[in-house]
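Source file entry.pdb; content: PDB, C-alpha atoms.
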ATOM      1  CA  MET A   1       8.918 -14.065  -4.084
ATOM      2  CA  ARG A   2      11.700 -16.587  -4.730
ATOM      3  CA  TRP A   3      13.278 -18.513  -1.887
ATOM      4  CA  GLN A   4      16.391 -20.536  -2.774
ATOM      5  CA  SER A   5      16.817 -23.928  -1.095
ATOM      6  CA  GLN A   6      13.705 -23.366   0.971
ATOM      7  CA  THR A   7      11.933 -25.973   3.048
ATOM      8  CA  LEU A   8       8.158 -26.017   3.318
ATOM      9  CA  ASP A   9       6.396 -27.845   6.123
ATOM     10  CA  ALA A  10       2.656 -28.374   5.960
ATOM     11  CA  ASP A  11       0.708 -27.605   9.090
ATOM     12  CA  ASP A  12       0.324 -30.806  11.093
ATOM     13  CA  GLY A  13      -1.672 -29.319  13.923
ATOM     14  CA  ALA A  14       1.347 -28.996  16.205
ATOM     15  CA  LEU A  15       0.976 -25.229  16.406
ATOM     16  CA  PRO A  16      -2.701 -24.571  17.159
ATOM     17  CA  GLY A  17      -2.008 -20.922  17.928
ATOM     18  CA  LEU A  18      -0.625 -20.399  14.439
ATOM     19  CA  THR A  19      -3.502 -22.318  12.915
ATOM     20  CA  ARG A  20      -5.886 -19.885  14.558
ATOM     21  CA  ALA A  21      -3.775 -17.038  13.160
ATOM     22  CA  GLY A  22      -4.333 -18.199   9.572
ATOM     23  CA  LEU A  23      -1.180 -20.217   8.856
ATOM     24  CA  THR A  24      -0.622 -20.937   5.151
ATOM     25  CA  ARG A  25       2.920 -22.322   5.121
ATOM     26  CA  THR A  26       6.174 -22.539   7.067
ATOM     27  CA  VAL A  27       9.416 -21.509   5.384
ATOM     28  CA  GLN A  28      13.088 -22.034   6.174
ATOM     29  CA  THR A  29      15.988 -20.777   4.080
ATOM     30  CA  PRO A  30      19.791 -20.793   4.441
ATOM     31  CA  GLU A  31      19.766 -17.025   4.103
ATOM     32  CA  PHE A  32      18.165 -16.866   7.563
ATOM     33  CA  GLU A  33      19.901 -19.714   9.344
ATOM     34  CA  GLY A  34      18.141 -20.725  12.548
ATOM     35  CA  ILE A  35      14.985 -18.765  11.753
ATOM     36  CA  THR A  36      11.634 -20.201  10.680
ATOM     37  CA  PHE A  37       8.989 -18.052   9.015
ATOM     38  CA  HIS A  38       5.313 -18.840   9.458
ATOM     39  CA  GLU A  39       3.321 -17.110   6.750
ATOM     40  CA  VAL A  40      -0.229 -16.251   7.740
ATOM     41  CA  LEU A  41      -3.195 -14.545   6.122
ATOM     42  CA  CYS A  42      -4.448 -11.908   8.523
ATOM     43  CA  LYS A  43      -8.097 -10.937   8.727
ATOM     44  CA  SER A  44      -7.356  -7.384   9.811
ATOM     45  CA  ALA A  45      -4.374  -5.043   9.674
ATOM     46  CA  LEU A  46      -5.439  -2.247  11.996
ATOM     47  CA  ASN A  47      -5.399  -2.836  15.763
ATOM     48  CA  LYS A  48      -7.579  -0.600  17.925
ATOM     49  CA  VAL A  49      -5.856   0.972  20.923
ATOM     50  CA  PRO A  50      -7.999   1.056  24.085
ATOM     51  CA  ALA A  51      -9.130   4.582  24.918
ATOM     52  CA  SER A  52      -7.943   4.078  28.497
ATOM     53  CA  SER A  53      -4.325   3.924  27.282
ATOM     54  CA  ASN A  54      -4.190   7.711  26.819
ATOM     55  CA  LEU A  55      -1.854   7.401  23.839
ATOM     56  CA  PRO A  56      -1.474   9.983  21.047
ATOM     57  CA  PHE A  57      -2.917   7.581  18.472
ATOM     58  CA  GLN A  58      -5.758   5.099  18.306
ATOM     59  CA  TRP A  59      -4.490   2.493  15.829
ATOM     60  CA  THR A  60      -1.429   0.317  15.292
ATOM     61  CA  ILE A  61      -0.144  -2.019  12.596
ATOM     62  CA  ASN A  62       2.160  -4.980  13.276
ATOM     63  CA  PRO A  63       3.286  -6.704  10.037
ATOM     64  CA  MET A  64       5.097  -9.475  11.955
ATOM     65  CA  ARG A  65       5.084 -11.188  15.315
ATOM     66  CA  GLY A  66       8.282 -12.366  16.903
ATOM     67  CA  CYS A  67      11.525 -10.566  16.133
ATOM     68  CA  SER A  68      14.952 -11.641  14.944
ATOM     69  CA  HIS A  69      16.483  -8.648  16.736
ATOM     70  CA  ALA A  70      16.625 -11.048  19.717
ATOM     71  CA  CYS A  71      16.753  -8.314  22.370
ATOM     72  CA  ARG A  72      16.854 -10.066  25.735
ATOM     73  CA  TYR A  73      14.863  -7.219  27.322
ATOM     74  CA  CYS A  74      12.083  -7.009  24.714
ATOM     75  CA  PHE A  75       8.727  -6.216  26.325
ATOM     76  CA  ALA A  76       6.802  -8.017  23.545
ATOM     77  CA  ARG A  77       8.100 -11.519  24.252
ATOM     78  CA  PRO A  78       4.952 -12.641  26.117
ATOM     79  CA  THR A  79       2.871 -12.007  22.976
ATOM     80  CA  HIS A  80       4.330 -15.175  21.446
ATOM     81  CA  GLU A  81       2.685 -17.249  24.152
ATOM     82  CA  TYR A  82      -0.626 -16.120  22.712
ATOM     83  CA  LEU A  83       0.308 -18.246  19.670
ATOM     84  CA  ASP A  84       1.355 -21.241  21.804
ATOM     85  CA  LEU A  85       5.024 -20.432  21.204
ATOM     86  CA  ASP A  86       7.528 -19.659  23.951
ATOM     87  CA  ALA A  87       8.716 -16.175  24.800
ATOM     88  CA  GLY A  88      12.403 -17.073  24.673
ATOM     89  CA  LYS A  89      14.071 -18.714  21.690
ATOM     90  CA  ASP A  90      10.778 -19.064  19.784
ATOM     91  CA  PHE A  91      10.252 -15.314  19.915
ATOM     92  CA  ASP A  92      13.688 -14.814  18.336
ATOM     93  CA  SER A  93      13.480 -17.566  15.754
ATOM     94  CA  GLN A  94       9.801 -18.316  14.948
ATOM     95  CA  ILE A  95       8.681 -15.252  13.013
ATOM     96  CA  VAL A  96       5.031 -14.888  12.014
ATOM     97  CA  VAL A  97       4.637 -12.880   8.787
ATOM     98  CA  LYS A  98       1.298 -11.392   7.727
ATOM     99  CA  THR A  99       1.870 -11.732   3.995
ATOM    100  CA  ASN A 100      -1.422 -10.125   2.918
ATOM    101  CA  ILE A 101      -1.318  -7.212   5.351
ATOM    102  CA  ALA A 102      -0.946  -4.428   2.753
ATOM    103  CA  ALA A 103      -3.984  -5.568   0.784
ATOM    104  CA  VAL A 104      -6.073  -5.985   3.930
ATOM    105  CA  LEU A 105      -4.967  -2.586   5.172
ATOM    106  CA  ARG A 106      -5.900  -0.845   1.914
ATOM    107  CA  LYS A 107      -9.377  -2.363   2.148
ATOM    108  CA  GLU A 108      -9.810  -1.228   5.752
ATOM    109  CA  LEU A 109      -8.608   2.300   4.969
ATOM    110  CA  GLY A 110     -11.099   2.519   2.118
ATOM    111  CA  ARG A 111     -14.124   2.109   4.358
ATOM    112  CA  ARG A 112     -16.424   5.067   4.887
ATOM    113  CA  SER A 113     -16.041   4.580   8.617
ATOM    114  CA  TRP A 114     -12.282   5.301   8.470
ATOM    115  CA  HIS A 115     -11.539   8.832   9.733
ATOM    116  CA  ARG A 116      -7.802   9.049   8.947
ATOM    117  CA  GLU A 117      -6.724   8.784  12.569
ATOM    118  CA  PRO A 118      -2.977   8.471  13.278
ATOM    119  CA  VAL A 119      -1.515   4.966  12.959
ATOM    120  CA  ALA A 120       1.668   3.736  14.670
ATOM    121  CA  LEU A 121       4.053   1.056  13.404
ATOM    122  CA  GLY A 122       6.777  -0.606  15.439
ATOM    123  CA  THR A 123       4.566  -0.915  18.478
ATOM    124  CA  ASN A 124       4.992  -4.622  19.151
ATOM    125  CA  THR A 125       7.859  -5.931  17.023
ATOM    126  CA  ASP A 126      10.045  -4.106  14.554
ATOM    127  CA  PRO A 127       8.575  -3.724  11.038
ATOM    128  CA  TYR A 128      12.121  -3.341   9.676
ATOM    129  CA  GLN A 129      13.644  -6.487  11.115
ATOM    130  CA  ARG A 130      15.692  -8.553   8.667
ATOM    131  CA  ALA A 131      12.770 -10.462   7.139
ATOM    132  CA  GLU A 132      11.339  -7.235   5.732
ATOM    133  CA  GLY A 133      14.142  -7.334   3.179
ATOM    134  CA  ARG A 134      12.525 -10.461   1.735
ATOM    135  CA  TYR A 135       8.833  -9.937   2.289
ATOM    136  CA  ARG A 136       8.775  -6.201   1.465
ATOM    137  CA  LEU A 137       5.579  -5.526   3.401
ATOM    138  CA  MET A 138       6.334  -1.948   4.380
ATOM    139  CA  PRO A 139       6.230  -0.273   0.930
ATOM    140  CA  GLY A 140       2.665  -1.490   0.416
ATOM    141  CA  ILE A 141       1.705  -0.379   3.924
ATOM    142  CA  ILE A 142       3.243   3.073   3.446
ATOM    143  CA  ARG A 143       1.508   3.539   0.096
ATOM    144  CA  ALA A 144      -1.859   2.450   1.489
ATOM    145  CA  LEU A 145      -1.605   4.874   4.406
ATOM    146  CA  THR A 146      -0.469   7.732   2.171
ATOM    147  CA  ASP A 147      -3.094   7.149  -0.507
ATOM    148  CA  SER A 148      -5.823   7.204   2.144
ATOM    149  CA  GLY A 149      -4.537  10.432   3.715
ATOM    150  CA  THR A 150      -3.687   8.708   7.000
ATOM    151  CA  PRO A 151      -0.853  10.122   9.155
ATOM    152  CA  PHE A 152       1.507   7.543  10.604
ATOM    153  CA  SER A 153       4.600   7.024  12.741
ATOM    154  CA  ILE A 154       7.370   4.428  12.655
ATOM    155  CA  LEU A 155       9.626   3.299  15.512
ATOM    156  CA  THR A 156      12.509   1.032  14.496
ATOM    157  CA  LYS A 157      15.973  -0.313  15.216
ATOM    158  CA  GLY A 158      16.227  -1.547  11.634
ATOM    159  CA  THR A 159      18.532   0.247   9.215
ATOM    160  CA  LEU A 160      16.541  -1.390   6.416
ATOM    161  CA  LEU A 161      14.279   1.638   6.722
ATOM    162  CA  ARG A 162      16.807   3.465   4.515
ATOM    163  CA  ARG A 163      15.519   1.410   1.571
ATOM    164  CA  ASP A 164      12.145   3.114   1.930
ATOM    165  CA  LEU A 165      13.461   6.604   2.622
ATOM    166  CA  PRO A 166      12.492   7.936  -0.845
ATOM    167  CA  LEU A 167       8.992   6.537  -0.365
ATOM    168  CA  LEU A 168       8.706   8.039   3.113
ATOM    169  CA  THR A 169       9.896  11.405   1.802
ATOM    170  CA  LEU A 170       7.141  11.379  -0.803
ATOM    171  CA  ALA A 171       4.604  10.259   1.802
ATOM    172  CA  ALA A 172       5.570  13.161   4.069
ATOM    173  CA  ARG A 173       4.450  15.583   1.349
ATOM    174  CA  GLU A 174       0.921  14.181   1.603
ATOM    175  CA  VAL A 175       0.487  13.202   5.269
ATOM    176  CA  ARG A 176       2.206  13.712   8.596
ATOM    177  CA  VAL A 177       4.989  11.129   8.965
ATOM    178  CA  SER A 178       6.933  10.736  12.228
ATOM    179  CA  VAL A 179      10.030   8.567  12.531
ATOM    180  CA  ALA A 180      11.813   7.455  15.712
ATOM    181  CA  VAL A 181      14.919   5.304  16.058
ATOM    182  CA  SER A 182      15.654   3.122  19.094
ATOM    183  CA  ILE A 183      19.248   3.103  20.367
ATOM    184  CA  ALA A 184      19.506   1.742  23.892
ATOM    185  CA  ILE A 185      23.155   0.687  24.049
ATOM    186  CA  HIS A 186      26.320   2.407  22.855
ATOM    187  CA  ASP A 187      28.833  -0.130  24.181
ATOM    188  CA  LEU A 188      29.508  -2.569  21.326
ATOM    189  CA  ASP A 189      30.255  -5.644  23.460
ATOM    190  CA  LEU A 190      27.100  -5.179  25.530
ATOM    191  CA  HIS A 191      25.117  -4.598  22.339
ATOM    192  CA  ARG A 192      26.354  -7.901  20.896
ATOM    193  CA  SER A 193      25.408  -9.744  24.069
ATOM    194  CA  LEU A 194      21.988  -8.208  24.709
ATOM    195  CA  GLU A 195      20.577  -7.399  21.245
ATOM    196  CA  SER A 196      22.589  -9.595  18.910
ATOM    197  CA  GLY A 197      20.195  -9.437  15.961
ATOM    198  CA  THR A 198      20.014  -5.646  15.714
ATOM    199  CA  PRO A 199      22.189  -3.370  13.579
ATOM    200  CA  ALA A 200      25.192  -1.969  15.432
ATOM    201  CA  PRO A 201      24.743   1.327  17.312
ATOM    202  CA  LYS A 202      26.931   3.114  14.738
ATOM    203  CA  ALA A 203      24.686   1.909  11.902
ATOM    204  CA  ARG A 204      21.597   3.212  13.693
ATOM    205  CA  LEU A 205      23.262   6.557  14.296
ATOM    206  CA  GLU A 206      23.946   6.684  10.557
ATOM    207  CA  LEU A 207      20.236   6.007  10.020
ATOM    208  CA  VAL A 208      19.419   9.003  12.230
ATOM    209  CA  ARG A 209      21.718  11.137  10.085
ATOM    210  CA  ALA A 210      20.142   9.867   6.849
ATOM    211  CA  LEU A 211      16.654  10.623   8.124
ATOM    212  CA  THR A 212      17.696  14.050   9.340
ATOM    213  CA  ASP A 213      19.324  14.848   6.007
ATOM    214  CA  ALA A 214      16.068  13.833   4.322
ATOM    215  CA  GLY A 215      14.204  16.449   6.325
ATOM    216  CA  PHE A 216      12.704  14.400   9.174
ATOM    217  CA  ASP A 217      12.743  15.541  12.796
ATOM    218  CA  VAL A 218      14.046  12.350  14.378
ATOM    219  CA  ASN A 219      13.349  11.343  17.965
ATOM    220  CA  VAL A 220      15.653   8.726  19.481
ATOM    221  CA  MET A 221      14.438   6.327  22.129
ATOM    222  CA  VAL A 222      17.281   5.604  24.546
ATOM    223  CA  ALA A 223      15.270   2.779  25.940
ATOM    224  CA  PRO A 224      15.339   0.698  27.862
ATOM    225  CA  VAL A 225      17.975   2.086  30.172
ATOM    226  CA  ILE A 226      19.345  -1.052  31.831
ATOM    227  CA  PRO A 227      20.170  -0.603  35.520
ATOM    228  CA  CYS A 228      23.848  -0.933  36.437
ATOM    229  CA  LEU A 229      24.787  -1.590  32.795
ATOM    230  CA  THR A 230      23.766   1.411  30.697
ATOM    231  CA  ASP A 231      22.769   3.964  33.326
ATOM    232  CA  SER A 232      26.198   5.396  34.135
ATOM    233  CA  LYS A 233      26.674   9.088  33.499
ATOM    234  CA  ALA A 234      29.578   8.338  31.174
ATOM    235  CA  HIS A 235      27.579   5.899  29.006
ATOM    236  CA  LEU A 236      24.524   8.135  28.775
ATOM    237  CA  ASP A 237      26.581  11.266  28.112
ATOM    238  CA  GLU A 238      28.502   9.539  25.323
ATOM    239  CA  LEU A 239      25.337   8.128  23.771
ATOM    240  CA  PHE A 240      23.409  11.407  23.920
ATOM    241  CA  GLY A 241      26.413  13.174  22.430
ATOM    242  CA  ALA A 242      26.534  10.731  19.513
ATOM    243  CA  ILE A 243      22.779  11.108  18.988
ATOM    244  CA  ALA A 244      23.073  14.885  18.912
ATOM    245  CA  ASP A 245      25.995  14.673  16.482
ATOM    246  CA  ALA A 246      23.817  12.509  14.203
ATOM    247  CA  GLY A 247      21.316  15.349  13.993
ATOM    248  CA  ALA A 248      18.432  14.024  16.085
ATOM    249  CA  ARG A 249      15.800  16.550  17.122
ATOM    250  CA  SER A 250      15.152  15.007  20.541
ATOM    251  CA  ALA A 251      15.693  11.967  22.728
ATOM    252  CA  VAL A 252      13.911  10.292  25.624
ATOM    253  CA  ALA A 253      15.001   7.615  28.070
ATOM    254  CA  PHE A 254      13.060   5.171  30.227
ATOM    255  CA  PRO A 255      14.163   2.430  32.653
ATOM    256  CA  MET A 256      13.799  -1.196  31.645
ATOM    257  CA  HIS A 257      10.580  -3.029  32.481
ATOM    258  CA  LEU A 258      10.622  -6.804  33.023
ATOM    259  CA  ARG A 259       7.073  -7.944  32.558
ATOM    260  CA  GLY A 260       5.871 -11.540  32.413
ATOM    261  CA  SER A 261       8.190 -14.072  30.819
ATOM    262  CA  THR A 262      10.591 -11.335  29.708
ATOM    263  CA  ARG A 263      11.689 -11.113  33.328
ATOM    264  CA  ASP A 264      12.989 -14.682  33.541
ATOM    265  CA  TRP A 265      14.532 -14.519  30.054
ATOM    266  CA  PHE A 266      16.510 -11.416  30.972
ATOM    267  CA  LEU A 267      17.444 -12.535  34.489
ATOM    268  CA  ASP A 268      18.786 -15.825  33.109
ATOM    269  CA  TRP A 269      21.096 -13.791  30.903
ATOM    270  CA  LEU A 270      22.062 -11.570  33.825
ATOM    271  CA  ALA A 271      22.914 -14.557  36.035
ATOM    272  CA  GLU A 272      25.176 -15.952  33.308
ATOM    273  CA  HIS A 273      26.965 -12.761  32.299
ATOM    274  CA  HIS A 274      26.745 -10.511  35.383
ATOM    275  CA  PRO A 275      26.003 -12.722  38.393
ATOM    276  CA  ALA A 276      27.142 -10.036  40.829
ATOM    277  CA  LEU A 277      24.176  -7.889  39.750
ATOM    278  CA  VAL A 278      21.427 -10.431  40.450
ATOM    279  CA  ARG A 279      20.988  -9.351  44.064
ATOM    280  CA  ARG A 280      20.827  -5.703  43.068
ATOM    281  CA  TYR A 281      18.120  -6.481  40.486
ATOM    282  CA  ARG A 282      16.048  -8.288  43.057
ATOM    283  CA  GLN A 283      16.211  -5.121  45.140
ATOM    284  CA  LEU A 284      15.321  -2.872  42.208
ATOM    285  CA  TYR A 285      12.478  -4.974  40.796
ATOM    286  CA  GLY A 286      11.329  -7.056  43.758
ATOM    287  CA  ARG A 287       8.777  -9.482  42.361
ATOM    288  CA  GLY A 288       7.301  -7.057  39.875
ATOM    289  CA  ALA A 289       7.963  -5.653  36.425
ATOM    290  CA  TYR A 290       9.054  -2.142  37.362
ATOM    291  CA  VAL A 291      12.014  -0.551  39.070
ATOM    292  CA  THR A 292      11.474   1.164  42.377
ATOM    293  CA  PRO A 293      10.176   4.749  42.337
ATOM    294  CA  GLU A 294      13.476   5.814  43.878
ATOM    295  CA  TYR A 295      15.429   4.468  40.917
ATOM    296  CA  SER A 296      13.060   6.106  38.428
ATOM    297  CA  THR A 297      13.569   9.453  40.136
ATOM    298  CA  TRP A 298      17.335   8.957  40.279
ATOM    299  CA  LEU A 299      17.473   8.122  36.573
ATOM    300  CA  ARG A 300      15.320  11.086  35.594
ATOM    301  CA  GLU A 301      17.563  13.420  37.575
ATOM    302  CA  ARG A 302      20.576  11.973  35.784
ATOM    303  CA  VAL A 303      19.080  12.053  32.296
ATOM    304  CA  ASP A 304      17.431  15.491  32.251
ATOM    305  CA  PRO A 305      20.633  17.553  32.579
ATOM    306  CA  LEU A 306      22.310  15.446  29.893
ATOM    307  CA  LEU A 307      19.418  16.015  27.510
ATOM    308  CA  GLN A 308      19.684  19.731  28.190
ATOM    309  CA  ARG A 309      23.440  19.694  27.636
ATOM    310  CA  HIS A 310      23.093  18.051  24.237
ATOM    311  CA  ALA A 311      20.001  20.062  23.221
ATOM    312  CA  LEU A 312      17.890  16.920  22.981
ATOM    313  CA  LYS A 313      15.201  17.759  25.518
ATOM    314  CA  PRO A 314      11.762  17.194  23.948
ATOM    315  CA  GLU A 315       9.611  20.295  23.655
ATOM    316  CA  LYS A 316       6.925  18.563  25.681
ATOM    317  CA  PRO A 317       6.929  15.459  27.894
ATOM    318  CA  ALA A 318       7.196  12.334  25.776
ATOM    319  CA  GLU A 319       4.187  10.051  25.676
ATOM    320  CA  PRO A 320       4.596   6.340  25.002
ATOM    321  CA  GLU A 321       4.069   5.947  21.271
ATOM    322  CA  THR A 322       2.727   2.427  21.117
ATOM    323  CA  GLN A 323       0.306  -0.222  22.222
ATOM    324  CA  PRO A 324       0.720  -3.968  21.798
ATOM    325  CA  GLU A 325      -1.916  -5.936  19.941
ATOM    326  CA  SER A 326      -1.991  -8.710  22.522
ATOM    327  CA  PRO A 327      -3.391  -8.527  26.050
ATOM    328  CA  HIS A 328      -0.233 -10.277  27.212
ATOM    329  CA  ALA A 329       1.651  -6.980  26.833
ATOM    330  CA  ALA A 330      -1.047  -4.457  27.578
ATOM    331  CA  ASP A 331       1.138  -1.934  29.396
ATOM    332  CA  PRO A 332       1.478   0.989  26.969
ATOM    333  CA  GLN A 333       4.756   2.179  28.485
ATOM    334  CA  LEU A 334       6.435  -1.078  27.510
ATOM    335  CA  ALA A 335       5.542  -0.931  23.873
ATOM    336  CA  LEU A 336       8.309   1.432  22.850
ATOM    337  CA  PHE A 337      11.093  -0.940  23.604
ATOM    338  CA  GLY A 338      10.700  -4.135  21.666
TER     339      GLY A 338
END

Take the structure I supplied and represent it as structure tokens, if you would.
Amino acid sequence: MRWQSQTLDADDGALPGLTRAGLTRTVQTPEFEGITFHEVLCKSALNKVPASSNLPFQWTINPMRGCSHACRYCFARPTHEYLDLDAGKDFDSQIVVKTNIAAVLRKELGRRSWHREPVALGTNTDPYQRAEGRYRLMPGIIRALTDSGTPFSILTKGTLLRRDLPLLTLAAREVRVSVAVSIAIHDLDLHRSLESGTPAPKARLELVRALTDAGFDVNVMVAPVIPCLTDSKAHLDELFGAIADAGARSAVAFPMHLRGSTRDWFLDWLAEHHPALVRRYRQLYGRGAYVTPEYSTWLRERVDPLLQRHALKPEKPAEPETQPESPHAADPQLALFG
């Protein structure tokens, strides 16, 4: 891999969490202004999901930690604290890249003890965030899973997935491959303010169409639904209509959770951009991470008829499709939304 005008900083012990993670070098490049990449050598690629989570898979893979998507609401922010980095700006700009993950994964999948259980990607941070265009970790991961006969799923906001669409199409001939796209916000101004590093909603809708045209049954995660900002009937109806027009098979929607340090990071943004809503949020969330049961019921009653109208109602109740690798984000319902 060639980095132009890159800067390398040797580990000076200032980041003990990264040292424990197997740090080999730190990289900065003008192509990713404001972002620092910490390349690590991982010891394992597969993360075991606790049986108590009741999820439809038992294993996950997270090629990176931290995410340049910079979603203010991202559930996975507290996982950066596990590396002695902060859950705010560090999460957006200090990206940990597991450069050897494909080779480690292939070795793990080759063990006699591996039983080809389903594996989920996109469970903590997005495997198709911008850095994947440089590090190209996903093709090796996809090939390793396919060659071993292991079914897998991908959840992403990253339109970079289109690069690997031919590879995924070939993989789907050998194993079960499920693909979901996350589109939480249809309003362009709100998108730019809340998830500035993600592709625009239109680009992600075009990704849904490309996947559908390639033969995949695409599920769209309209999540998180952000109280008082994206939960209006008009916004949801417009978004579900656009998703249906893009050819998606189904869609699901969940209210935003504000767990751990994500709560303060989001509420700081809310106080700056929508101060009139702060009191309402304190009523909805109290001191916890979850909206009140009354709001959850209200949202479900609003969403269900819209899903029916646009023929996007899942055939069976959606289960959370993810589990974070860090105990700092151990709530399985949160793991869809990073």

- [ ] Give as a ChimeraX atom specification the residues that the PyMOL selection byres ((chain A and resi 185) around 12) matches when applied to the coordinates above.
- [x] /A:71,73,157,182-184,186-196,198-202,204-205,220-227,229-232,235-240,242-243,253

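Going from CA of Leu284 in chain A to CA of Arg300 in chain A covers 15.4 Å.
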
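CA of Ser148 in chain A is positioned 11.2 Å from CA of Arg112 in chain A.
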
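The space between CA of Asn47 in chain A and CA of Val119 in chain A spans 9.2 Å.
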
TODO: Name the closest residue to Phe37 in chain A among the candidates A:Thr212, A:Thr24, A:Thr297, A:Ser113; distances are taken between atoms, counting all atoms listed in the file.
DONE: A:Thr24

Open item on the list: (10.2, 11.9, 5.0) in this file's frame - what residues fall within 9 Å of it? Use only C-alpha atoms and give the answer as a VMD selection string.
Closed with: chain A and resid 165 to 173 176 to 179 211 to 212 214 to 217

- [ ] Tell me, as a VMD selection string, which residues lie within 12 Å of Arg263 in chain A, counting only C-alpha atoms; anything in the same chain fewer than 6 positions away does not count.
- [x] chain A and resid 72 to 78 87 to 88 256 to 257 269 to 270 281 to 282 285 to 290

For the residues in the current selection, export C-alpha atoms as a compact mmCIF listing (two decimals), keeping the file's coordinate frame.
# COMPACT_ATOMS: atom_id res chain seq x y z
CA ARG A 72 16.85 -10.07 25.74
CA TYR A 73 14.86 -7.22 27.32
CA CYS A 74 12.08 -7.01 24.71
CA PHE A 75 8.73 -6.22 26.32
CA ALA A 76 6.80 -8.02 23.54
CA ARG A 77 8.10 -11.52 24.25
CA PRO A 78 4.95 -12.64 26.12
CA ALA A 87 8.72 -16.18 24.80
CA GLY A 88 12.40 -17.07 24.67
CA MET A 256 13.80 -1.20 31.64
CA HIS A 257 10.58 -3.03 32.48
CA TRP A 269 21.10 -13.79 30.90
CA LEU A 270 22.06 -11.57 33.83
CA TYR A 281 18.12 -6.48 40.49
CA ARG A 282 16.05 -8.29 43.06
CA TYR A 285 12.48 -4.97 40.80
CA GLY A 286 11.33 -7.06 43.76
CA ARG A 287 8.78 -9.48 42.36
CA GLY A 288 7.30 -7.06 39.88
CA ALA A 289 7.96 -5.65 36.42
CA TYR A 290 9.05 -2.14 37.36

Quick one: which residues end up in the PyMOL selection byres ((chain A and resi 99) around 7) for this structure, as a compact mmCIF listing (two decimals) with C-alpha atoms, keeping the file's coordinate frame?
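Listing of result-v4.txt after writing:
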# COMPACT_ATOMS: atom_id res chain seq x y z
CA GLU A 39 3.32 -17.11 6.75
CA VAL A 40 -0.23 -16.25 7.74
CA LEU A 41 -3.20 -14.54 6.12
CA VAL A 97 4.64 -12.88 8.79
CA LYS A 98 1.30 -11.39 7.73
CA ASN A 100 -1.42 -10.12 2.92
CA ILE A 101 -1.32 -7.21 5.35

Task: Residues matched by the PyMOL selection byres ((chain A and resi 154) around 9) as a ChimeraX atom specification - done: /A:119-123,127,152-153,155-156,177-181

Task: Using all atoms listed in the file: which of A:Pro255, A:Pro305, A:Pro275, A:Gly158 has the shortest distance to Val208 in chain A - done: A:Gly158

Around range 167-179 of chain A, fit a box with edges along x, y and z, padding it by 8 Å on each side, then list its centre and edge lengths in Å to one decimal as JSON.
{"center_x": 5.3, "center_y": 11.1, "center_z": 5.9, "size_x": 25.5, "size_y": 25.0, "size_z": 29.3}

Open item on the list: List the spatial neighbours of Leu160 in chain A as a list in words - criterion: any atom at most 8 Å away, only C-alpha atoms, same-chain residues fewer than 3 positions off excluded.
Closed with: Tyr128, Gln129, Arg130, Glu132, Gly133, Arg163 and Asp164 of chain A

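The smallest atom-to-atom distance between Thr125 in chain A and any of A:His273, A:His69, A:Lys89, A:Arg162, using only C-alpha atoms, is found for A:His69.
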